[in-house]
There are 2 protein chains.
Amino acid sequence: MILSVRDLPQHVGEEATVRGWLYNLRSKGKIHFLQVRDGTGIVQGVVGKGDVPDPAFAACEGIPQESSVVVTGAVRADARAPGGVELHLRDVQVIQRSEPYPIALQSHGPDFLLRHRHLWLRSRKPWATLRVRHQVIRAIRDFFDSQGFTNVDAPIFTPAACEGTTTLFEVKYFDEGNAYLTQSGQLYIEAAAMSLGKVYCFGPVFRAERSKTRKHLTEFWMVEPEVAYATLPDIMDLAEGLIVAIAARVLENCREELKVLERDPAPLEKIRKPFPRLTHAEAVKRVNARGVAMAADDDFGAPQEEALVQGEERPVMVYRWPSAIKAFYMKRDPADPAVALGVDVIAPEGFGEVIGGGQREDDLAKLLERIEAEKLPKEAFEWYLDLRRYGTVPHGGFGLGLERTVQWMCGTEHIRETVPFPRMLYRICP
Amino acid sequence: MILSVRDLPQHVGEEATVRGWLYNLRSKGKIHFLQVRDGTGIVQGVVGKGDVPDPAFAACEGIPQESSVVVTGAVRADARAPGGVELHLRDVQVIQRSEPYPIALQSHGPDFLLRHRHLWLRSRKPWATLRVRHQVIRAIRDFFDSQGFTNVDAPIFTPAACEGTTTLFEVKYFDEGNAYLTQSGQLYIEAAAMSLGKVYCFGPVFRAERSKTRKHLTEFWMVEPEVAYATLPDIMDLAEGLIVAIAARVLENCREELKVLERDPAPLEKIRKPFPRLTHAEAVKRVNARGVAMAADDDFGAPQEEALVQGEERPVMVYRWPSAIKAFYMKRDPADPAVALGVDVIAPEGFGEVIGGGQREDDLAKLLERIEAEKLPKEAFEWYLDLRRYGTVPHGGFGLGLERTVQWMCGTEHIRETVPFPRMLYRICP
């Protein structure tokens with residue numbers, strides 16, 4: 001029976017065939033120990049001379065790492081083995097003897113590994129990271145789907161900019177002039193929320209930033225929920241609930257992967273409700289009190305974020321922002337227009353901002369004012385203004401960056417490791 | 001208690017508040033009948049003069065469609081009402097009296113509706129289509145997730161073309177020259193399958209085709225599974241299983257939506273295993289016998305597809321294709337290199353090809369031969385060739401177009417209706 005490595009512990013005493021790749025080979029006199037990976041895990045196969053026909057035994061001799069192999073044998077319990085089982089082989093087929101594998105089990109520089117990304121993905125840590133990423137994606141979708149949200153895909157080609165034009169990728173679009181690659185689906189799913197009530201988009205977004213930090217990619221995935229009849233406190237509760245659900249899912253399904261990544265699960269276990277909630281003014285006070293300069297209308301930089309979350313085990317929610325530093329579409333507090341009803345969520349452990357959002361301006365006159373004040377092209381926003389002309393309602397939402405979140409869950413130093421084929425300032429290959 | 005329209009039938013006899021938009025108003029003497037939609041459905045609220053304070057009753061008078069309203073009242077069973085309930089209102093709040101709504105309940109031309117897409121989404125059919133789309137997405141993800149696949153997102157920016165260069169969108173990418181928007185994640189997830197065994201990508205892909213048919217978009221979503229150690233029959237089984245799962249999910253969760261779309265569910269109920277399987281040669285014979293010309297090495301056009309599925313209630317799988325008309329990466333039958341181990345799935349009812357895929361060439365020498373014969377730039381594929389140098393294994397997969405599938409499930413005439421903001425030759429706004 002063909003089995004996955006992950007399923008072997010349920011088949012002790014039976015015979016199993018595993019199809020995969022040689023991860024490592026040790027040979028001791030008349031015994032070969034083949035570590036075989038199949039995408040679900042690694043199992044050790046033991047084969048002694050005489051257990052298999054002589055040519056099969058000889059074929060194992062000096063076989064290079066990453067050779068494709070199909071092995072068959074008895075599943076035996078072995079407490080010392082990872083996963084608790086070993087295979088005692090009675091057949092070994094070498095599908096292909098690999099050419100000498102360029103990636104050693106030892107370490108290489110980042111540039112070498114990025115050039116060999118298509119192979120590097122097979123290594124333990126990239127493998128574990130992609131599996132965590134998958135669980136984070138599932139957690140996000142299950143969270144929204146189970147609460148009656150409808151997934152509405154926002155377009156990638158957009159005619160205008162959501163947040164400024166300097167960081168846009170431009171595409172020639174037939175006879176229509178230029179299209180721009182989306183930076184956020186928000187404006188579109190605001191329209192969809194007026195049809196479906198609760199919606200989210202979840203797809204790639206793009207930033208043409210000449211930035212080389214360990215927190216930036218030019219192409220990344222973002223999930224953006226949008227809820228009709230929601231106000232700032234609703235949005236804050238939703239953001240909190242989502243993050244708690246993600247951490248719980250990773251802890252439930254990715255213990256082995258976290259071990260491979262040498263990620264201590266303890267900090268993730270502490271991600272529980274309620275998150276501390278500070279107004280921007282309170283946050284500024286705290287940051288300054290901790291010796292880091294921050295003006296009343298400053299956004300957070302890395303040092304400010306660090307000071308803010310110092311000593312915190314849970315993410316910190318900063319809400320009620322200075323209007324001057326928030327986008328035109330964010331709702332101003334009707335009682336105090338200097339305050340914008342936004343919220344950012346800053347992760348602990350130095351992983352920075354993972355969520356930004358808030359309540360949207362639902363008042364046509366005030367939105368028009370903002371568009372004029374910021375000298376935005378009104379015509380481009382006419383359709384968006386229509387949402388305020390025809391049955392406007394309080395509403396809001398946020399964006400959560402998938403890669404930032406995976407980076408946090410995995411405890412990964414550089415964000416490029418959270419995506420299979422990272423796209424950065426100097427990297428579009430392979 | 002704030003309730004969704006969809007949940008009202010479970011609360012007969014209780015009081016409920018529904019927050020939404022006025023879909024239609026009828027007034028008969030001293031009674032207003034307000035049809036209110038909230039994104040989950042439509043409910044009729046009945047309010048008589050004296051049931052609510054006089055100003056609230058007066059505010060309902062002549063209130064335009066799409067005004068935002070919050071209504072509160074008793075949930076009463078009413079067999080004649082859609083959903084089986086009505087609300088007997090004791091309070092009506094008009095959040096905003098809408099400006100006169102540009103989209104009447106009667107019909108408009110397609111261009112008008114595309115320009116007003118942000119509002120048109122609120123209408124019954126677009127609403128129903130988006131809900132079906134959501135269920136199709138969920139069915140696809142659940143199908144793969146429950147079988148141990150890992151979701152691996154392929155990059156959108158790619159350095160080279162997967163299938164020809166004439167239909168690519170070009171993006172200036174910093175100092176790296178041009179990047180191209182992906183047409184398929186296949187090559188990338190082949191690499192990922194060698195790490196994780198079973199993978200899929202599911203994201204937007206792009207085709208710069210100057211095409212104006214009812215089956216083409218420039219931007220659409222595609223799901224592409226890829227499986228290590230899989231051969232053509234495995235891939236055909238997987239494709240069949242996926243389509244059956246999608247149809248079953250739509251029937252299970254979208255009965256009301258199909259009704260709104262006037263989509264007869266009977267043809268969907270017939271989508272069961274096994275699908276008819278014809279080799280390309282057999283298919284050509286059938287098409288010709290039905291009076292439509294098709295040469296032995298022709299691909300299917302619309303008339304050929306139609307002849308092929310004539311009288312079929314299930315999708316038809318066409319496999320074993322002429323090598324000459326299939327891509328360089330498709331595996332040639334080692335026993336007959338004139339045959340490529342590919343499979344297309346053609347939907348019944350004229351909805352055309354929904355799946356294309358097959359087994360990939362896993363032999364380095366043969367792949368090199370194809371690349372040379374087709375004069376492809378070998379350097380661009382070096383990383384892809386590496387997958388055959390280091391532990392190559394039989395493997396395969398396919399691509400399923402999300403919008404084509406939604407079009408089929410919904411019985412929609414034009415594919416543009418299956419996506420919230422369609423992108424076509426002459427359309428990038430709003």
# chains A, B, ... in the order shown; residues from 1 in each chain; ligands from 1
$ residues_around --residues "Ala283 of chain A" --least-positions-apart "3" --cutoff "10 Å" --atoms "only C-alpha atoms" --output "list of chain:residue names"
A:Arg277, A:Leu278, A:Thr279, A:His280, A:Arg286, A:Val287, A:Asn288, A:Ala289, A:Met294, A:Ala296, A:Phe300, A:Gln304, A:Glu305, A:Ala307, A:Leu308, A:Val309, A:Val316, A:Met317, A:Val318, A:Tyr319
$ write_last_selection --atoms "all heavy atoms" --output "compact mmCIF listing (two decimals), in the first residue's frame"
# COMPACT_ATOMS: atom_id res chain seq x y z
N ARG A 277 -5.47 47.73 24.03
CA ARG A 277 -5.93 48.74 23.07
C ARG A 277 -5.52 50.12 23.55
O ARG A 277 -5.91 50.54 24.63
CB ARG A 277 -7.45 48.67 22.92
CG ARG A 277 -7.94 47.33 22.40
CD ARG A 277 -9.46 47.26 22.23
NE ARG A 277 -9.83 45.95 21.71
CZ ARG A 277 -10.95 45.68 21.04
NH1 ARG A 277 -11.83 46.66 20.84
NH2 ARG A 277 -11.21 44.48 20.59
N LEU A 278 -4.72 50.79 22.77
CA LEU A 278 -4.27 52.14 23.12
C LEU A 278 -4.67 53.10 22.01
O LEU A 278 -4.53 52.78 20.83
CB LEU A 278 -2.74 52.19 23.23
CG LEU A 278 -2.06 51.69 24.50
CD1 LEU A 278 -2.05 50.18 24.54
CD2 LEU A 278 -0.64 52.23 24.59
N THR A 279 -5.14 54.28 22.40
CA THR A 279 -5.32 55.31 21.37
C THR A 279 -3.93 55.72 20.89
O THR A 279 -2.93 55.49 21.58
CB THR A 279 -6.04 56.56 21.91
OG1 THR A 279 -5.21 57.15 22.91
CG2 THR A 279 -7.39 56.20 22.51
N HIS A 280 -3.89 56.32 19.71
CA HIS A 280 -2.60 56.78 19.19
C HIS A 280 -1.94 57.72 20.20
O HIS A 280 -0.73 57.63 20.43
CB HIS A 280 -2.81 57.47 17.85
CG HIS A 280 -1.54 57.92 17.20
ND1 HIS A 280 -0.97 59.16 17.44
CD2 HIS A 280 -0.69 57.29 16.34
CE1 HIS A 280 0.14 59.27 16.74
NE2 HIS A 280 0.33 58.15 16.07
N ARG A 286 3.37 56.46 25.69
CA ARG A 286 4.12 55.29 26.14
C ARG A 286 5.49 55.22 25.48
O ARG A 286 6.51 55.00 26.13
CB ARG A 286 3.35 54.00 25.83
CG ARG A 286 4.13 52.76 26.24
CD ARG A 286 3.55 51.46 25.70
NE ARG A 286 2.42 51.00 26.50
CZ ARG A 286 1.88 49.78 26.38
NH1 ARG A 286 2.37 48.91 25.49
NH2 ARG A 286 0.86 49.42 27.12
N VAL A 287 5.52 55.44 24.17
CA VAL A 287 6.77 55.34 23.42
C VAL A 287 7.77 56.37 23.92
O VAL A 287 8.95 56.06 24.16
CB VAL A 287 6.51 55.49 21.90
CG1 VAL A 287 7.80 55.68 21.13
CG2 VAL A 287 5.73 54.28 21.39
N ASN A 288 7.28 57.60 24.12
CA ASN A 288 8.16 58.65 24.63
C ASN A 288 8.67 58.32 26.03
O ASN A 288 9.85 58.51 26.33
CB ASN A 288 7.45 60.00 24.61
CG ASN A 288 7.47 60.62 23.21
OD1 ASN A 288 8.51 60.80 22.61
ND2 ASN A 288 6.28 60.91 22.70
N ALA A 289 7.76 57.78 26.85
CA ALA A 289 8.14 57.43 28.22
C ALA A 289 9.22 56.36 28.23
O ALA A 289 10.00 56.25 29.18
CB ALA A 289 6.92 56.96 29.01
N MET A 294 8.78 60.40 19.63
CA MET A 294 7.63 60.24 18.73
C MET A 294 6.72 61.44 18.94
O MET A 294 6.27 61.69 20.06
CB MET A 294 6.89 58.94 19.05
CG MET A 294 5.75 58.64 18.07
SD MET A 294 5.01 57.00 18.34
CE MET A 294 3.93 56.92 16.91
N ALA A 296 3.26 63.84 18.25
CA ALA A 296 1.83 63.53 18.36
C ALA A 296 1.23 63.11 17.02
O ALA A 296 0.25 62.37 16.99
CB ALA A 296 1.08 64.74 18.91
N PHE A 300 4.30 55.15 13.23
CA PHE A 300 5.31 54.33 13.89
C PHE A 300 6.40 53.93 12.91
O PHE A 300 6.12 53.50 11.79
CB PHE A 300 4.69 53.04 14.45
CG PHE A 300 3.79 53.28 15.61
CD1 PHE A 300 2.47 53.67 15.42
CD2 PHE A 300 4.25 53.12 16.91
CE1 PHE A 300 1.63 53.90 16.50
CE2 PHE A 300 3.42 53.35 17.99
CZ PHE A 300 2.09 53.74 17.78
N GLN A 304 9.83 52.89 17.19
CA GLN A 304 8.61 53.22 17.94
C GLN A 304 7.78 51.95 18.17
O GLN A 304 7.23 51.75 19.26
CB GLN A 304 7.77 54.25 17.17
CG GLN A 304 8.34 55.67 17.20
CD GLN A 304 9.48 55.85 16.22
OE1 GLN A 304 9.62 55.09 15.27
NE2 GLN A 304 10.33 56.84 16.46
N GLU A 305 7.69 51.11 17.16
CA GLU A 305 6.96 49.85 17.32
C GLU A 305 7.57 49.01 18.44
O GLU A 305 6.87 48.45 19.27
CB GLU A 305 6.98 49.04 16.01
CG GLU A 305 6.05 49.59 14.93
CD GLU A 305 6.11 48.79 13.64
OE1 GLU A 305 6.95 47.87 13.52
OE2 GLU A 305 5.30 49.09 12.75
N ALA A 307 9.38 49.99 20.98
CA ALA A 307 9.11 50.57 22.30
C ALA A 307 7.66 50.30 22.72
O ALA A 307 7.37 49.99 23.88
CB ALA A 307 9.39 52.07 22.28
N LEU A 308 6.77 50.39 21.75
CA LEU A 308 5.35 50.20 22.05
C LEU A 308 5.05 48.81 22.60
O LEU A 308 4.31 48.66 23.58
CB LEU A 308 4.52 50.43 20.78
CG LEU A 308 3.01 50.19 20.94
CD1 LEU A 308 2.38 51.34 21.71
CD2 LEU A 308 2.34 50.03 19.58
N VAL A 309 5.62 47.78 21.97
CA VAL A 309 5.26 46.40 22.34
C VAL A 309 6.19 45.82 23.41
O VAL A 309 5.99 44.68 23.84
CB VAL A 309 5.25 45.47 21.11
CG1 VAL A 309 4.25 45.96 20.08
CG2 VAL A 309 6.64 45.32 20.51
N VAL A 316 -0.57 44.61 20.04
CA VAL A 316 -1.10 45.87 20.57
C VAL A 316 -1.91 46.56 19.47
O VAL A 316 -1.45 46.69 18.34
CB VAL A 316 0.05 46.78 21.05
CG1 VAL A 316 -0.49 48.13 21.50
CG2 VAL A 316 0.82 46.10 22.18
N MET A 317 -3.14 46.97 19.85
CA MET A 317 -3.99 47.67 18.89
C MET A 317 -3.91 49.16 19.17
O MET A 317 -4.21 49.60 20.29
CB MET A 317 -5.44 47.19 19.03
CG MET A 317 -5.56 45.68 18.97
SD MET A 317 -7.29 45.10 19.03
CE MET A 317 -7.60 44.96 17.29
N VAL A 318 -3.52 49.92 18.15
CA VAL A 318 -3.46 51.38 18.27
C VAL A 318 -4.60 51.95 17.44
O VAL A 318 -4.69 51.70 16.24
CB VAL A 318 -2.10 51.91 17.78
CG1 VAL A 318 -2.06 53.43 17.90
CG2 VAL A 318 -0.96 51.28 18.57
N TYR A 319 -5.48 52.70 18.09
CA TYR A 319 -6.66 53.20 17.38
C TYR A 319 -6.82 54.70 17.60
O TYR A 319 -6.11 55.28 18.41
CB TYR A 319 -7.91 52.42 17.79
CG TYR A 319 -8.36 52.63 19.23
CD1 TYR A 319 -9.54 53.31 19.51
CD2 TYR A 319 -7.60 52.15 20.30
CE1 TYR A 319 -9.96 53.50 20.82
CE2 TYR A 319 -8.02 52.34 21.61
CZ TYR A 319 -9.20 53.01 21.86
OH TYR A 319 -9.60 53.21 23.17
$ select_by_dssp --residues "segment 138-211 of chain B" --states "helix (DSSP H, G or I)" --output "PyMOL selection string"
chain B and resi 138-145+186-196
$ write_last_selection --atoms "all heavy atoms" --output "compact mmCIF listing (two decimals), in the first residue's frame"
# COMPACT_ATOMS: atom_id res chain seq x y z
N ARG B 138 -14.71 27.75 -2.42
CA ARG B 138 -14.62 26.92 -1.21
C ARG B 138 -14.56 25.44 -1.55
O ARG B 138 -13.81 24.67 -0.94
CB ARG B 138 -15.82 27.17 -0.29
CG ARG B 138 -15.73 28.46 0.46
CD ARG B 138 -16.85 28.56 1.50
NE ARG B 138 -16.74 27.54 2.52
CZ ARG B 138 -17.65 27.33 3.46
NH1 ARG B 138 -18.73 28.08 3.51
NH2 ARG B 138 -17.48 26.41 4.35
N ALA B 139 -15.37 25.02 -2.51
CA ALA B 139 -15.38 23.61 -2.90
C ALA B 139 -14.01 23.19 -3.41
O ALA B 139 -13.50 22.12 -3.07
CB ALA B 139 -16.45 23.37 -3.97
N ILE B 140 -13.40 24.06 -4.22
CA ILE B 140 -12.07 23.75 -4.78
C ILE B 140 -11.05 23.61 -3.65
O ILE B 140 -10.30 22.65 -3.58
CB ILE B 140 -11.63 24.86 -5.76
CG1 ILE B 140 -12.50 24.81 -7.03
CG2 ILE B 140 -10.16 24.74 -6.09
CD1 ILE B 140 -12.35 26.02 -7.94
N ARG B 141 -11.03 24.58 -2.76
CA ARG B 141 -10.02 24.55 -1.69
C ARG B 141 -10.25 23.38 -0.75
O ARG B 141 -9.30 22.69 -0.35
CB ARG B 141 -10.03 25.88 -0.92
CG ARG B 141 -9.51 27.03 -1.78
CD ARG B 141 -9.32 28.32 -0.98
NE ARG B 141 -8.68 29.34 -1.78
CZ ARG B 141 -7.36 29.52 -1.88
NH1 ARG B 141 -6.54 28.76 -1.19
NH2 ARG B 141 -6.86 30.47 -2.64
N ASP B 142 -11.50 23.14 -0.40
CA ASP B 142 -11.79 22.01 0.50
C ASP B 142 -11.40 20.68 -0.15
O ASP B 142 -10.89 19.79 0.52
CB ASP B 142 -13.28 21.99 0.88
CG ASP B 142 -13.62 23.10 1.86
OD1 ASP B 142 -12.69 23.72 2.41
OD2 ASP B 142 -14.82 23.36 2.08
N PHE B 143 -11.66 20.58 -1.45
CA PHE B 143 -11.33 19.34 -2.17
C PHE B 143 -9.83 19.04 -2.05
O PHE B 143 -9.44 17.94 -1.67
CB PHE B 143 -11.73 19.49 -3.64
CG PHE B 143 -11.38 18.30 -4.50
CD1 PHE B 143 -12.19 17.17 -4.51
CD2 PHE B 143 -10.24 18.31 -5.30
CE1 PHE B 143 -11.87 16.07 -5.30
CE2 PHE B 143 -9.91 17.21 -6.09
CZ PHE B 143 -10.72 16.09 -6.09
N PHE B 144 -9.01 20.03 -2.32
CA PHE B 144 -7.56 19.80 -2.27
C PHE B 144 -7.05 19.71 -0.83
O PHE B 144 -6.24 18.85 -0.50
CB PHE B 144 -6.82 20.87 -3.07
CG PHE B 144 -7.03 20.75 -4.55
CD1 PHE B 144 -7.67 21.74 -5.27
CD2 PHE B 144 -6.62 19.61 -5.23
CE1 PHE B 144 -7.89 21.61 -6.64
CE2 PHE B 144 -6.83 19.46 -6.59
CZ PHE B 144 -7.46 20.47 -7.30
N ASP B 145 -7.52 20.61 0.03
CA ASP B 145 -7.03 20.61 1.41
C ASP B 145 -7.33 19.28 2.10
O ASP B 145 -6.51 18.75 2.85
CB ASP B 145 -7.67 21.76 2.21
CG ASP B 145 -7.20 23.13 1.71
OD1 ASP B 145 -6.26 23.18 0.89
OD2 ASP B 145 -7.79 24.14 2.12
N GLN B 186 2.15 26.83 -13.38
CA GLN B 186 2.54 25.42 -13.48
C GLN B 186 4.03 25.13 -13.24
O GLN B 186 4.37 24.29 -12.42
CB GLN B 186 2.14 24.88 -14.85
CG GLN B 186 2.51 23.41 -15.02
CD GLN B 186 2.53 23.00 -16.47
OE1 GLN B 186 1.65 23.38 -17.23
NE2 GLN B 186 3.53 22.26 -16.87
N LEU B 187 4.89 25.84 -13.96
CA LEU B 187 6.31 25.51 -13.85
C LEU B 187 6.78 25.66 -12.40
O LEU B 187 7.57 24.88 -11.89
CB LEU B 187 7.15 26.38 -14.78
CG LEU B 187 6.77 26.39 -16.27
CD1 LEU B 187 7.88 27.00 -17.10
CD2 LEU B 187 6.42 25.02 -16.80
N TYR B 188 6.24 26.68 -11.73
CA TYR B 188 6.64 26.93 -10.35
C TYR B 188 6.13 25.86 -9.40
O TYR B 188 6.83 25.43 -8.49
CB TYR B 188 6.16 28.32 -9.91
CG TYR B 188 6.88 29.41 -10.64
CD1 TYR B 188 6.33 30.02 -11.76
CD2 TYR B 188 8.15 29.81 -10.23
CE1 TYR B 188 7.00 30.99 -12.46
CE2 TYR B 188 8.83 30.80 -10.91
CZ TYR B 188 8.26 31.38 -12.03
OH TYR B 188 8.95 32.35 -12.72
N ILE B 189 4.90 25.45 -9.61
CA ILE B 189 4.39 24.47 -8.66
C ILE B 189 4.91 23.07 -8.98
O ILE B 189 4.88 22.20 -8.12
CB ILE B 189 2.84 24.49 -8.54
CG1 ILE B 189 2.18 24.25 -9.87
CG2 ILE B 189 2.38 25.78 -7.89
CD1 ILE B 189 0.71 23.92 -9.71
N GLU B 190 5.44 22.88 -10.18
CA GLU B 190 6.17 21.63 -10.41
C GLU B 190 7.36 21.57 -9.44
O GLU B 190 7.63 20.52 -8.84
CB GLU B 190 6.66 21.54 -11.85
CG GLU B 190 5.58 21.17 -12.85
CD GLU B 190 6.16 20.87 -14.23
OE1 GLU B 190 7.10 20.07 -14.34
OE2 GLU B 190 5.65 21.47 -15.20
N ALA B 191 8.05 22.69 -9.29
CA ALA B 191 9.16 22.74 -8.33
C ALA B 191 8.66 22.47 -6.91
O ALA B 191 9.27 21.71 -6.15
CB ALA B 191 9.87 24.09 -8.39
N ALA B 192 7.53 23.08 -6.57
CA ALA B 192 7.00 22.92 -5.21
C ALA B 192 6.53 21.48 -4.96
O ALA B 192 6.64 20.97 -3.84
CB ALA B 192 5.85 23.90 -4.99
N ALA B 193 6.02 20.82 -6.00
CA ALA B 193 5.55 19.44 -5.83
C ALA B 193 6.72 18.52 -5.48
O ALA B 193 6.53 17.51 -4.80
CB ALA B 193 4.86 18.95 -7.10
N MET B 194 7.93 18.87 -5.92
CA MET B 194 9.10 18.06 -5.59
C MET B 194 9.52 18.26 -4.13
O MET B 194 10.33 17.51 -3.61
CB MET B 194 10.27 18.40 -6.52
CG MET B 194 9.96 18.24 -8.00
SD MET B 194 9.37 16.58 -8.46
CE MET B 194 7.98 16.97 -9.52
N SER B 195 8.97 19.29 -3.50
CA SER B 195 9.20 19.49 -2.07
C SER B 195 8.07 18.93 -1.23
O SER B 195 8.30 18.27 -0.22
CB SER B 195 9.34 20.99 -1.77
OG SER B 195 9.25 21.23 -0.37
N LEU B 196 6.83 19.20 -1.66
CA LEU B 196 5.67 18.94 -0.80
C LEU B 196 4.80 17.80 -1.29
O LEU B 196 3.82 17.44 -0.62
CB LEU B 196 4.84 20.22 -0.69
CG LEU B 196 5.53 21.34 0.11
CD1 LEU B 196 5.19 22.70 -0.46
CD2 LEU B 196 5.16 21.28 1.59
$ interface_residues --of "chain A" --to "chain B" --cutoff "6 Å" --atoms "only C-alpha atoms" --output "ChimeraX atom specification"
/A:39,66-68,96,98-99,118,122,134,151,171,191,195-197,389-391
$ closest_residue --among "A:Val52, A:Ala77, A:Ala347, A:Ile42" --to "Glu14 of chain A" --atoms "only C-alpha atoms"
A:Ala77
$ residues_around --residues "Lys49 of chain A" --least-positions-apart "2" --cutoff "9 Å" --atoms "only C-alpha atoms" --output "list in words"
Lys30, Ile31, His32, Val47, Asp51, Val52, Pro53, Asp54, Phe57 and Ala58 of chain A
$ atom_distance --atom1 "atom CA of Asn24 of chain B" --atom2 "atom CA of Asp91 of chain B"
17.6 Å
$ residues_around --residues "segment 259-266 of chain A" --least-positions-apart "2" --cutoff "7 Å" --atoms "only C-alpha atoms" --output "VMD selection string"
chain A and resid 124 to 125 128 255 to 257 268 to 270 410 to 411
$ write_last_selection --atoms "all heavy atoms" --output "short mmCIF file (atom, residue, chain, number, x, y, z; two decimals), in the first residue's frame"
data_model
loop_
_atom_site.label_atom_id
_atom_site.label_comp_id
_atom_site.auth_asym_id
_atom_site.auth_seq_id
_atom_site.Cartn_x
_atom_site.Cartn_y
_atom_site.Cartn_z
N ARG A 124 14.47 21.50 4.68
CA ARG A 124 13.57 21.36 5.82
C ARG A 124 12.85 22.65 6.20
O ARG A 124 11.65 22.67 6.42
CB ARG A 124 14.37 20.84 7.04
CG ARG A 124 14.85 19.43 6.88
CD ARG A 124 13.73 18.43 7.01
NE ARG A 124 13.44 18.14 8.42
CZ ARG A 124 12.29 17.61 8.85
NH1 ARG A 124 11.32 17.37 7.98
NH2 ARG A 124 12.11 17.36 10.12
N LYS A 125 13.61 23.73 6.28
CA LYS A 125 12.99 24.97 6.77
C LYS A 125 12.03 25.59 5.75
O LYS A 125 10.91 25.98 6.10
CB LYS A 125 14.04 25.97 7.23
CG LYS A 125 14.65 25.56 8.57
CD LYS A 125 15.47 26.64 9.23
CE LYS A 125 15.98 26.09 10.56
NZ LYS A 125 16.75 27.10 11.32
N ALA A 128 8.91 23.52 5.87
CA ALA A 128 8.09 23.78 7.06
C ALA A 128 7.38 25.13 6.94
O ALA A 128 6.20 25.27 7.30
CB ALA A 128 8.96 23.74 8.31
N ARG A 255 2.85 21.82 14.91
CA ARG A 255 3.86 21.62 15.96
C ARG A 255 5.19 21.13 15.37
O ARG A 255 6.26 21.60 15.74
CB ARG A 255 3.34 20.59 16.98
CG ARG A 255 2.20 21.11 17.83
CD ARG A 255 2.73 21.98 18.96
NE ARG A 255 1.61 22.66 19.63
CZ ARG A 255 1.75 23.43 20.70
NH1 ARG A 255 2.94 23.65 21.22
NH2 ARG A 255 0.69 24.01 21.24
N GLU A 256 5.10 20.14 14.47
CA GLU A 256 6.33 19.59 13.89
C GLU A 256 7.06 20.65 13.09
O GLU A 256 8.29 20.77 13.15
CB GLU A 256 5.97 18.40 13.00
CG GLU A 256 7.19 17.64 12.52
CD GLU A 256 6.86 16.67 11.38
OE1 GLU A 256 5.72 16.14 11.37
OE2 GLU A 256 7.72 16.48 10.51
N GLU A 257 6.28 21.43 12.31
CA GLU A 257 6.90 22.46 11.48
C GLU A 257 7.60 23.51 12.33
O GLU A 257 8.70 23.97 12.01
CB GLU A 257 5.83 23.13 10.58
CG GLU A 257 5.31 22.24 9.46
CD GLU A 257 4.26 21.22 9.89
OE1 GLU A 257 3.92 21.19 11.10
OE2 GLU A 257 3.78 20.44 9.05
N LEU A 268 3.43 32.13 20.83
CA LEU A 268 2.18 32.00 20.07
C LEU A 268 1.04 31.57 20.99
O LEU A 268 -0.12 31.95 20.78
CB LEU A 268 2.34 30.98 18.93
CG LEU A 268 3.46 31.28 17.91
CD1 LEU A 268 3.48 30.23 16.81
CD2 LEU A 268 3.29 32.67 17.31
N GLU A 269 1.38 30.78 22.00
CA GLU A 269 0.35 30.34 22.95
C GLU A 269 -0.22 31.50 23.75
O GLU A 269 -1.30 31.41 24.33
CB GLU A 269 0.93 29.28 23.89
CG GLU A 269 0.93 27.90 23.24
CD GLU A 269 1.99 26.95 23.80
OE1 GLU A 269 2.71 27.34 24.75
OE2 GLU A 269 2.09 25.83 23.25
N LYS A 270 0.51 32.59 23.79
CA LYS A 270 0.07 33.75 24.57
C LYS A 270 -0.80 34.71 23.77
O LYS A 270 -1.28 35.72 24.30
CB LYS A 270 1.28 34.47 25.14
CG LYS A 270 1.88 33.67 26.30
CD LYS A 270 3.21 34.17 26.75
CE LYS A 270 3.76 33.22 27.82
NZ LYS A 270 5.23 33.13 27.77
N CYS A 410 6.18 31.92 12.14
CA CYS A 410 7.37 31.07 11.98
C CYS A 410 8.59 31.62 12.71
O CYS A 410 9.60 30.92 12.82
CB CYS A 410 7.72 30.91 10.50
SG CYS A 410 6.51 29.97 9.55
N GLY A 411 8.50 32.86 13.15
CA GLY A 411 9.68 33.48 13.76
C GLY A 411 10.81 33.64 12.77
O GLY A 411 11.98 33.46 13.11
#
$ atom_distance --atom1 "atom CA of Gly84 of chain A" --atom2 "atom CA of Pro9 of chain A"
6.8 Å
$ residues_around --residues "Pro233 of chain A" --least-positions-apart "6" --cutoff "10 Å" --atoms "only C-alpha atoms" --output "list in words"
Ala239, Tyr319, Leu341, Gly342, Val343, Gly358, Gln359 and Gly396 of chain A
$ atom_distance --atom1 "atom CA of Asp344 of chain B" --atom2 "atom CA of Leu251 of chain B"
24.2 Å
